[in-house]
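*Asks:* Structure file protein18.pdb (PDB, C-alpha atoms) right here:
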```pdb
ATOM      1  CA  MET A 147     -21.506  -2.606  51.206
ATOM      2  CA  LEU A 148     -19.699  -2.901  47.865
ATOM      3  CA  ASP A 149     -21.580  -4.441  44.976
ATOM      4  CA  HIS A 150     -19.014  -4.036  42.206
ATOM      5  CA  ILE A 151     -16.072  -1.931  41.000
ATOM      6  CA  GLY A 152     -15.255  -0.824  37.465
ATOM      7  CA  LEU A 153     -12.264   0.619  35.675
ATOM      8  CA  LYS A 154     -12.098   2.557  32.434
ATOM      9  CA  VAL A 155      -9.514   1.091  30.088
ATOM     10  CA  GLY A 156      -7.723   2.474  27.046
ATOM     11  CA  ASP A 157      -7.919  -0.670  24.907
ATOM     12  CA  TYR A 158     -11.037  -2.691  25.730
ATOM     13  CA  GLU A 159     -10.166  -5.896  23.845
ATOM     14  CA  ARG A 160      -6.574  -5.975  25.128
ATOM     15  CA  SER A 161      -7.715  -5.404  28.705
ATOM     16  CA  LYS A 162     -10.508  -7.975  28.420
ATOM     17  CA  LEU A 163      -8.018 -10.647  27.320
ATOM     18  CA  PHE A 164      -5.571  -9.585  30.053
ATOM     19  CA  TYR A 165      -8.152  -9.900  32.835
ATOM     20  CA  GLN A 166      -9.482 -13.193  31.457
ATOM     21  CA  LYS A 167      -5.998 -14.684  31.767
ATOM     22  CA  VAL A 168      -5.060 -13.067  35.071
ATOM     23  CA  LEU A 169      -8.341 -13.586  36.937
ATOM     24  CA  ALA A 170      -8.541 -17.226  35.806
ATOM     25  CA  THR A 171      -5.634 -17.908  38.169
ATOM     26  CA  LEU A 172      -7.920 -16.809  41.033
ATOM     27  CA  GLY A 173     -11.003 -18.680  39.846
ATOM     28  CA  GLY A 174     -12.561 -15.679  38.095
ATOM     29  CA  THR A 175     -14.157 -15.761  34.663
ATOM     30  CA  LEU A 176     -15.790 -13.410  32.191
ATOM     31  CA  VAL A 177     -19.367 -13.613  33.499
ATOM     32  CA  MET A 178     -21.155 -11.008  31.399
ATOM     33  CA  GLU A 179     -20.465  -8.741  28.469
ATOM     34  CA  ILE A 180     -22.677  -5.773  27.555
ATOM     35  CA  THR A 181     -22.305  -4.255  24.094
ATOM     36  CA  ALA A 182     -22.140  -0.571  23.221
ATOM     37  CA  GLU A 183     -25.383  -1.065  21.297
ATOM     38  CA  GLN A 184     -27.126  -2.245  24.474
ATOM     39  CA  THR A 185     -25.911   0.646  26.645
ATOM     40  CA  GLY A 186     -26.009   3.326  23.998
ATOM     41  CA  ASP A 187     -22.427   4.417  24.548
ATOM     42  CA  ARG A 188     -19.788   1.802  25.463
ATOM     43  CA  ALA A 189     -19.074  -1.874  25.998
ATOM     44  CA  HIS A 190     -18.554  -3.467  29.411
ATOM     45  CA  ALA A 191     -17.001  -6.780  30.475
ATOM     46  CA  GLY A 192     -17.933  -8.144  33.907
ATOM     47  CA  PHE A 193     -15.706 -10.662  35.674
ATOM     48  CA  GLY A 194     -16.512 -12.643  38.769
ATOM     49  CA  MET A 195     -17.232 -16.002  40.340
ATOM     50  CA  ASP A 196     -20.351 -18.133  40.619
ATOM     51  CA  GLY A 197     -22.134 -16.160  37.898
ATOM     52  CA  LYS A 198     -21.976 -12.758  39.651
ATOM     53  CA  PRO A 199     -19.885 -10.044  37.993
ATOM     54  CA  CYS A 200     -18.152  -7.857  40.585
ATOM     55  CA  PHE A 201     -15.206  -6.409  38.620
ATOM     56  CA  TRP A 202     -15.962  -4.522  35.408
ATOM     57  CA  ILE A 203     -13.928  -2.889  32.674
ATOM     58  CA  SER A 204     -15.200  -0.493  30.027
ATOM     59  CA  THR A 205     -13.988   2.085  27.577
ATOM     60  CA  ASP A 206     -15.144   5.652  28.086
ATOM     61  CA  PRO A 207     -15.178   7.298  24.651
ATOM     62  CA  ALA A 208     -15.288  10.774  26.188
ATOM     63  CA  SER A 209     -12.366  10.523  28.600
ATOM     64  CA  GLY A 210     -10.495   7.281  27.905
ATOM     65  CA  ALA A 211      -8.883   5.338  30.722
ATOM     66  CA  GLY A 212      -8.570   6.448  34.309
ATOM     67  CA  ARG A 213     -11.959   7.218  35.869
ATOM     68  CA  ALA A 214     -13.053   4.686  38.502
ATOM     69  CA  HIS A 215     -16.519   3.235  39.070
ATOM     70  CA  VAL A 216     -17.729   2.047  42.477
ATOM     71  CA  ALA A 217     -21.206   0.636  43.127
ATOM     72  CA  PHE A 218     -22.686   0.398  46.593
ATOM     73  CA  THR A 219     -25.382  -2.132  47.470
ATOM     74  CA  ALA A 220     -28.794  -0.666  48.309
ATOM     75  CA  ALA A 221     -31.476  -2.572  50.204
ATOM     76  CA  ASP A 222     -34.372  -1.339  48.062
ATOM     77  CA  HIS A 223     -35.370   1.071  45.299
ATOM     78  CA  ARG A 224     -36.179   3.855  47.780
ATOM     79  CA  SER A 225     -32.619   3.665  49.087
ATOM     80  CA  VAL A 226     -31.295   4.094  45.540
ATOM     81  CA  ASP A 227     -33.555   7.131  45.081
ATOM     82  CA  ALA A 228     -32.417   8.579  48.432
ATOM     83  CA  PHE A 229     -28.750   8.014  47.562
ATOM     84  CA  HIS A 230     -29.154   9.888  44.284
ATOM     85  CA  ALA A 231     -30.971  12.824  45.902
ATOM     86  CA  ALA A 232     -28.452  13.078  48.753
ATOM     87  CA  ALA A 233     -25.499  12.919  46.368
ATOM     88  CA  LEU A 234     -26.890  15.726  44.203
ATOM     89  CA  ALA A 235     -27.611  17.818  47.308
ATOM     90  CA  ALA A 236     -24.016  17.238  48.446
ATOM     91  CA  GLY A 237     -22.621  18.578  45.160
ATOM     92  CA  ALA A 238     -22.369  15.503  42.916
ATOM     93  CA  ARG A 239     -23.307  15.718  39.243
ATOM     94  CA  ASP A 240     -26.020  13.464  37.837
ATOM     95  CA  ASN A 241     -24.701  10.614  35.702
ATOM     96  CA  GLY A 242     -27.883   8.536  35.434
ATOM     97  CA  ALA A 243     -31.167   9.077  37.261
ATOM     98  CA  PRO A 244     -32.612   6.278  39.399
ATOM     99  CA  GLY A 245     -34.286   3.610  37.331
ATOM    100  CA  PRO A 246     -34.137   0.117  35.875
ATOM    101  CA  ARG A 247     -31.146  -0.951  33.809
ATOM    102  CA  LEU A 248     -32.682  -3.931  32.011
ATOM    103  CA  HIS A 249     -29.587  -4.557  29.884
ATOM    104  CA  TYR A 250     -27.913  -5.890  33.066
ATOM    105  CA  HIS A 251     -30.838  -7.983  34.349
ATOM    106  CA  PRO A 252     -34.606  -7.590  34.944
ATOM    107  CA  ASN A 253     -34.327  -6.493  38.606
ATOM    108  CA  TYR A 254     -31.346  -4.131  38.246
ATOM    109  CA  TYR A 255     -32.297  -0.710  39.644
ATOM    110  CA  GLY A 256     -29.520   1.850  39.930
ATOM    111  CA  ALA A 257     -28.555   5.501  40.030
ATOM    112  CA  PHE A 258     -25.263   7.107  39.038
ATOM    113  CA  VAL A 259     -23.504  10.311  40.058
ATOM    114  CA  LEU A 260     -20.076  11.821  39.453
ATOM    115  CA  ASP A 261     -18.338  12.615  42.731
ATOM    116  CA  PRO A 262     -16.285  15.814  43.184
ATOM    117  CA  ASP A 263     -13.290  14.131  41.494
ATOM    118  CA  GLY A 264     -15.314  12.814  38.565
ATOM    119  CA  HIS A 265     -15.521   9.178  39.671
ATOM    120  CA  ASN A 266     -18.700   7.357  38.660
ATOM    121  CA  ILE A 267     -20.448   6.361  41.918
ATOM    122  CA  GLU A 268     -23.541   4.146  41.877
ATOM    123  CA  ALA A 269     -26.121   2.752  44.256
ATOM    124  CA  VAL A 270     -27.770  -0.451  43.025
ATOM    125  CA  CYS A 271     -30.540  -2.753  44.182
ATOM    126  CA  HIS A 272     -30.929  -6.214  42.656
ATOM    127  CA  GLN A 273     -34.322  -6.900  44.217
ATOM    128  CA  PRO A 274     -37.680  -6.572  42.437
ATOM    129  CA  SER A 275     -39.719  -3.442  43.066
ATOM    130  CA  ALA A 276     -41.725  -3.698  46.271
TER     131      ALA A 276
END
```
Written as structure tokens, how would this file's structure read?
*Replies:*
Amino acid sequence: MLDHIGLKVGDYERSKLFYQKVLATLGGTLVMEITAEQTGDRAHAGFGMDGKPCFWISTDPASGAGRAHVAFTAADHRSVDAFHAAALAAGARDNGAPGPRLHYHPNYYGAFVLDPDGHNIEAVCHQPSA
């Protein structure tokens, strides 16, 4: 059900170093880093095991630290689209329409909404388009 979780941090570099040291004790490593230039707004560091990032940190220039990010696994692109539509109908605010996010990897297809408390909720499919 869960694909990955992300936290907004106040000091990106300090937090990145902290999690590199702490997660190493559990076998975790910095698996992927996405620059602000790639995303158009902020940098992200993805930690995990076996090459799959499942815990992310990022700085949110608009609101700073505090807002959580949770991504749910979707079976296919249609499920991502349905998630986005259902979330908007239920009162969520759009935070990224369904579509590819090539800066993560070629098959990354996701949609983002802000839940009633402002948390960034995502549905993501890692499979190629059918």
*Asks:* Work out how far atom CA of Ile203 of chain A is from atom CA of Thr175 of chain A, in Å to one decimal.
*Replies:* 13.0 Å
*Asks:* With the PyMOL selection byres ((chain A and resi 216) around 9) as the selection, what would be picked from this file? Answer as a list in words, please.
*Replies:*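 With the PyMOL selection byres ((chain A and resi 216) around 9) on this model, the match is Leu148, Asp149, His150, Ile151, Gly152, Leu153, Ala214, His215, Ala217, Phe218, His265, Asn266, Ile267, Glu268 and Ala269 of chain A.
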*Asks:* Taking the file as I've supplied it (selection: the PyMOL selection byres ((chain A and resi 186-199) around 10)), which residues are included? Please answer as a PyMOL selection string.
*Replies:* chain A and resi 149-154+158-159+161-162+165-166+169-170+172-185+200-208
*Asks:* Specify as an NGL selection string each residue included when the PyMOL selection byres ((chain A and resi 224) around 12) is applied to this file.
*Replies:* :A and (220-223 or 225-231 or 244-245 or 255-257 or 269-271 or 273-276)
*Asks:* To one decimal place, how far is atom CA of Ala233 of chain A from atom CA of Thr219 of chain A in Å?
*Replies:*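 Separation of atom CA of Ala233 of chain A and atom CA of Thr219 of chain A: 15.1 Å.
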*Asks:* Atom CA of Arg213 of chain A to atom CA of Arg160 of chain A: how many Å, to one decimal?
*Replies:*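 So the answer is 17.8 Å.
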*Asks:* Between A:His272, A:Phe164, A:Gly156, A:Ala236, which is the closest to Pro252 of chain A once you count only C-alpha atoms?
*Replies:*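 The shortest atom-to-atom distance to Pro252 of chain A comes from A:His272.
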*Asks:* Pick the closest to Pro262 of chain A from A:Val155, A:Leu248, A:Met147, A:Ala238: which is it, counting only C-alpha atoms?
*Replies:*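 Closest candidate: A:Ala238.
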*Asks:* If you take every atom of segment 259-272 of chain A that the file lists and fit an axis-aligned box around them with 4 Å extra on each side, what centre and edge lengths come out in Å to one decimal, as AutoDock Vina command-line options?
*Replies:*
```
--center_x -22.1 --center_y 4.8 --center_z 41.4 --size_x 25.6 --size_y 30.0 --size_z 13.7
```
